[in-house]
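Enquirer: Have a look at this one.
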Amino acid sequence: MANELWNVLAELKGPKYRWVELTHELSPDTPHWYGFKPLEGTLLFDYLPGTPEDMAAPMRCIQYSVASQYGTHVDAPRHFHEHGRTMAQINANELVMPLVVIDKSAECAENPDFMLKIEDIQKWEDEYGQIPVGAFVAFRSDWYTKPNLDNPDENGQPHYPGWDVEAIRWLVENRSIGAIGHEPADTDPASVTTKPGAYPYPGEQYILAMDRFQIEVMRNLDQCPPTGGIIVCSFPKLRDGVGFPARCFAIVPNE
C-alpha cells in the first residue's frame, strides 16, 4: 500500500497511456488576445562569453513581462468579479479533473462564428454518456491551427467560435462541472463579443461568477478522445492573481 501511488504513476507513464501537451509554447510569438503586448524578456545576468561585466554571473536570469491572460492561460473568478476567488485560493485538488472533449471542429471549419449550444452537449451525451461531476469540459474547434485567433475578415471584423452562455449554465446547473476550456482567446464567440450595445462577455462572466476557473487558448485537443482522459492544469499560486499563463496536459488511453 505504501507504494500504491508510485505504481499508479508508473502505469500512467507506461505504454497504455499518452501524455498530450495542451499548452502553447510561451514566447513573444505565442497566440494571444489582440489587446496585449507580446511577452518581453530583459536579461539580468548571463554566463556567456562577452557578457558585460555588470551582468556576468555563473547563471542566466531573465526578467519577464507578460499580461496575466497571455497565451494558454487560466482565468480565476477574480478576473471578472471583485470578490471572486484568486489563483492562490484555488485548491490543489481542483487542478486534476476528468476530461471531456466536445468536438465541433467540422462545424467551426464551416462556420467560424459557430456557437456551442445545449443541444450540442445533449447530442454528445447521447453518444458518449453523461458528463461526470467535476469534469473539465473542453470545446474542441481546432482553432489553435489558425495563424490569427481573431480570424478577421476583409473589413477587420473578427470571426471565431465560442460557447453559448446557456450551454455553460446547463453544464454548471445540471452536471456540476469543474471548469471549461477552449482554443480561442475568448469564451464567447466574436458575434457576441463584438455586438454593439451588448455586454460582450456573458459566458465568461457566468462561468467565473459560478466560482469555476477556465483555460483559454488551448491546443492539441484533437489528440484527445471524447472521454476517458484526465487533465492537469498547473499555474502559479499567485496572491490576488486574476490569471496567468498556464501549463496544461492530458493523460489519455493509448488507443
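By convention here, the chains of the C-alpha cells are called A, B, ... in the order presented, each chain's residues are numbered starting at 1, and ligands are numbered starting at 1 in the order presented.
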Give the helix (DSSP H, G or I) residues of stretch 170-207 of chain A, as assigned by DSSP on the backbone, as a list of chain:residue names.

Expert: A:Trp170, A:Leu171, A:Val172, A:Glu173, A:Asn174, A:Arg175, A:Ala190, A:Ser191, A:Val192, A:Thr193, A:Pro202, A:Gly203, A:Glu204, A:Gln205, A:Tyr206, A:Ile207

Enquirer: Can I get the selection written as an mmCIF file, in the first residue's frame, with C-alpha atoms?

Expert:
data_model
loop_
_atom_site.group_PDB
_atom_site.id
_atom_site.type_symbol
_atom_site.label_atom_id
_atom_site.label_comp_id
_atom_site.auth_asym_id
_atom_site.auth_seq_id
_atom_site.Cartn_x
_atom_site.Cartn_y
_atom_site.Cartn_z
ATOM 1 C CA TRP A 170 -26.649 23.983 -18.292
ATOM 2 C CA LEU A 171 -23.299 22.305 -17.591
ATOM 3 C CA VAL A 172 -22.969 24.024 -14.221
ATOM 4 C CA GLU A 173 -26.556 23.543 -13.090
ATOM 5 C CA ASN A 174 -27.170 20.045 -14.470
ATOM 6 C CA ARG A 175 -23.728 18.422 -14.447
ATOM 7 C CA ALA A 190 -16.882 37.013 -31.850
ATOM 8 C CA SER A 191 -20.510 37.553 -32.878
ATOM 9 C CA VAL A 192 -21.214 38.192 -29.180
ATOM 10 C CA THR A 193 -18.018 39.921 -28.059
ATOM 11 C CA PRO A 202 -21.756 36.797 -20.888
ATOM 12 C CA GLY A 203 -20.295 33.270 -20.975
ATOM 13 C CA GLU A 204 -17.039 34.268 -19.331
ATOM 14 C CA GLN A 205 -18.837 36.388 -16.752
ATOM 15 C CA TYR A 206 -21.109 33.481 -15.864
ATOM 16 C CA ILE A 207 -18.553 30.685 -15.505
#

Enquirer: Could you name the residues that touch A:Ala135 at 7 Å or less, counting only C-alpha atoms, but leaving out those on the same chain fewer than 6 positions away, as number ranges by chain?

Expert: A: 97-100, 177-179

Enquirer: Select, from A:Asp153, A:Asp120, A:Asp126, A:Asp113, the residue with the minimum atom-to-atom distance to A:Asp188, counting only C-alpha atoms.

Expert: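 Of all the options, A:Asp113 lies closest to A:Asp188.
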
Enquirer: Tell me which of A:Thr86, A:Ser141, A:Ser68, A:Asn155 sits closest to A:Glu107, counting only C-alpha atoms.

Expert: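 The answer is A:Ser141, which sits nearest to A:Glu107.
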
Enquirer: Distance atom CA of A:Pro189-atom CA of A:Ser65, one decimal place?

Expert: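 Interatomic distance here is 28.2 Å.
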
Enquirer: Residues at most 12 Å from stretch 1-13 of chain A, counting only C-alpha atoms, excluding those fewer than 5 positions away in the same chain, as a compact mmCIF listing (two decimals) with C-alpha atoms, in the first residue's frame?

Expert:
# COMPACT_ATOMS: atom_id res chain seq x y z
CA ARG A 18 -0.34 9.01 -23.86
CA TRP A 19 0.52 12.40 -22.38
CA VAL A 20 -0.82 15.24 -24.54
CA GLY A 229 -8.82 11.11 -20.19
CA ILE A 230 -7.81 13.29 -17.29
CA ALA A 250 -3.91 15.45 -20.60
CA ILE A 251 -3.33 11.78 -19.89
CA VAL A 252 -5.38 9.66 -22.25
CA PRO A 253 -5.68 5.99 -23.17
CA ASN A 254 -3.23 4.99 -25.90

Enquirer: Skipping near chain neighbours, those fewer than 6 positions away, what residues fall within 9 Å of A:Tyr70 using only C-alpha atoms, listed as a list of chain:residue names?

Expert: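 In the requested form, the answer reads A:Leu26, A:Thr30, A:Pro31, A:His32, A:Trp33, A:Phe36, A:Lys37, A:Pro38, A:Leu39, A:Ala185, A:Val217, A:Gly243, A:Phe244, A:Pro245.
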
Enquirer: Could you pull the residues within 8 Å of A:Leu95, counting only C-alpha atoms, minus those fewer than 4 positions along the same chain, as a PyMOL selection string?

Expert: chain A and resi 91+231-234

Enquirer: Can those selected residues be exported to a file as a compact mmCIF listing (two decimals), in the first residue's frame so that it contains N, CA and C atoms?

Expert:
# COMPACT_ATOMS: atom_id res chain seq x y z
N ASN A 91 -7.91 25.43 -4.88
CA ASN A 91 -7.29 24.29 -4.18
C ASN A 91 -6.56 23.37 -5.16
N ILE A 231 -7.24 15.62 -17.11
CA ILE A 231 -6.47 16.83 -17.41
C ILE A 231 -5.83 17.35 -16.13
N VAL A 232 -4.62 17.85 -16.28
CA VAL A 232 -3.90 18.51 -15.19
C VAL A 232 -3.67 19.95 -15.61
N CYS A 233 -4.15 20.89 -14.80
CA CYS A 233 -4.00 22.32 -15.07
C CYS A 233 -3.08 22.91 -14.01
N SER A 234 -1.94 23.40 -14.42
CA SER A 234 -0.94 23.91 -13.49
C SER A 234 -0.70 25.39 -13.75

Enquirer: Report the distance between atom CA of A:Pro15 and atom CA of A:Pro226 in Å, rounded to one decimal place.

Expert: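 According to the coordinates, atom CA of A:Pro15 and atom CA of A:Pro226 are separated by 19.8 Å.
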
Enquirer: Restricting the calculation to only C-alpha atoms, which member of A:Asp186, A:Glu94, A:Glu82, A:Asp164 is positioned closest to A:Phe136?

Expert: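 Among the listed residues, A:Glu94 lies closest to A:Phe136.
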
Enquirer: Set the distance at 10 Å and use only C-alpha atoms: which residues neighbour A:Tyr47 once local chain neighbours fewer than 5 positions away are removed? I'd like the list as a compact mmCIF listing (two decimals) with C-alpha atoms, in the first residue's frame.

Expert:
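Result file part23.txt:
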# COMPACT_ATOMS: atom_id res chain seq x y z
CA PRO A 52 29.08 42.89 -19.85
CA MET A 55 25.86 41.21 -15.83
CA ALA A 56 28.47 38.46 -15.56
CA ALA A 57 27.37 35.55 -13.35
CA PRO A 58 27.60 31.75 -13.18
CA MET A 59 23.98 31.64 -14.36
CA ARG A 60 21.48 33.18 -16.72
CA CYS A 61 18.47 35.04 -15.31

Enquirer: What is the atom CA of A:Asp211 to atom CA of A:Met87 distance in Å?

Expert: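 Value for the atom CA of A:Asp211-atom CA of A:Met87 distance: 11.4 Å.
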
Enquirer: Taking only C-alpha atoms into account, name the residue in A:Tyr64, A:Phe114, A:Tyr199, A:Tyr128 that is nearest to A:Pro28.

Expert: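 Nearest to A:Pro28: A:Tyr64.
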
Enquirer: Neighbours of A:Val74 within 8 Å (only C-alpha atoms; same-chain residues fewer than 4 positions away dropped), as JSON, numbers by chain?

Expert: {"A": [69, 213, 214, 215, 216, 235, 243, 244, 245, 246]}

Enquirer: Just write the chosen residues, C-alpha atoms, as an mmCIF file, in the first residue's frame.

Expert:
data_model
loop_
_atom_site.group_PDB
_atom_site.id
_atom_site.type_symbol
_atom_site.label_atom_id
_atom_site.label_comp_id
_atom_site.auth_asym_id
_atom_site.auth_seq_id
_atom_site.Cartn_x
_atom_site.Cartn_y
_atom_site.Cartn_z
ATOM 1 C CA GLN A 69 -4.190 36.451 -19.623
ATOM 2 C CA PHE A 213 -11.966 28.714 -13.477
ATOM 3 C CA GLN A 214 -11.372 28.318 -17.193
ATOM 4 C CA ILE A 215 -8.434 27.707 -19.510
ATOM 5 C CA GLU A 216 -8.194 29.671 -22.756
ATOM 6 C CA PHE A 235 -0.340 27.590 -12.762
ATOM 7 C CA GLY A 243 -4.953 34.910 -14.309
ATOM 8 C CA PHE A 244 -1.581 33.791 -15.610
ATOM 9 C CA PRO A 245 -0.006 31.672 -18.350
ATOM 10 C CA ALA A 246 -0.749 28.041 -17.500
#

Enquirer: Go through A:Tyr144, A:Asp103, A:Arg239, A:Gly14 one by one, measure the shortest atom-to-atom distance of each to A:Trp124 using only C-alpha atoms, and give the residue with the smallest value.

Expert: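 Among the listed residues, the smallest separation from A:Trp124 belongs to A:Asp103.
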
Enquirer: Can you list, as a VMD selection string, every residue of stretch 175-210 of chain A that DSSP puts in strand (DSSP E or B)?

Expert: chain A and resid 179 to 182

Enquirer: Using C-alpha atoms, can you write the selected residues to a file as a compact mmCIF listing (two decimals), in the first residue's frame?

Expert:
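The resulting file, selection.txt, is shown below:
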# COMPACT_ATOMS: atom_id res chain seq x y z
CA ALA A 179 -14.11 24.00 -15.35
CA ILE A 180 -14.28 24.70 -19.07
CA GLY A 181 -11.64 25.24 -21.74
CA HIS A 182 -11.39 26.29 -25.37

Enquirer: With only C-alpha atoms as the basis for distance, which of A:Asn93, A:Ser27, A:Gln223, A:Gln157 is at the shortest distance from A:Glu255?

Expert: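 Under the stated criterion, the closest residue is A:Gln223.
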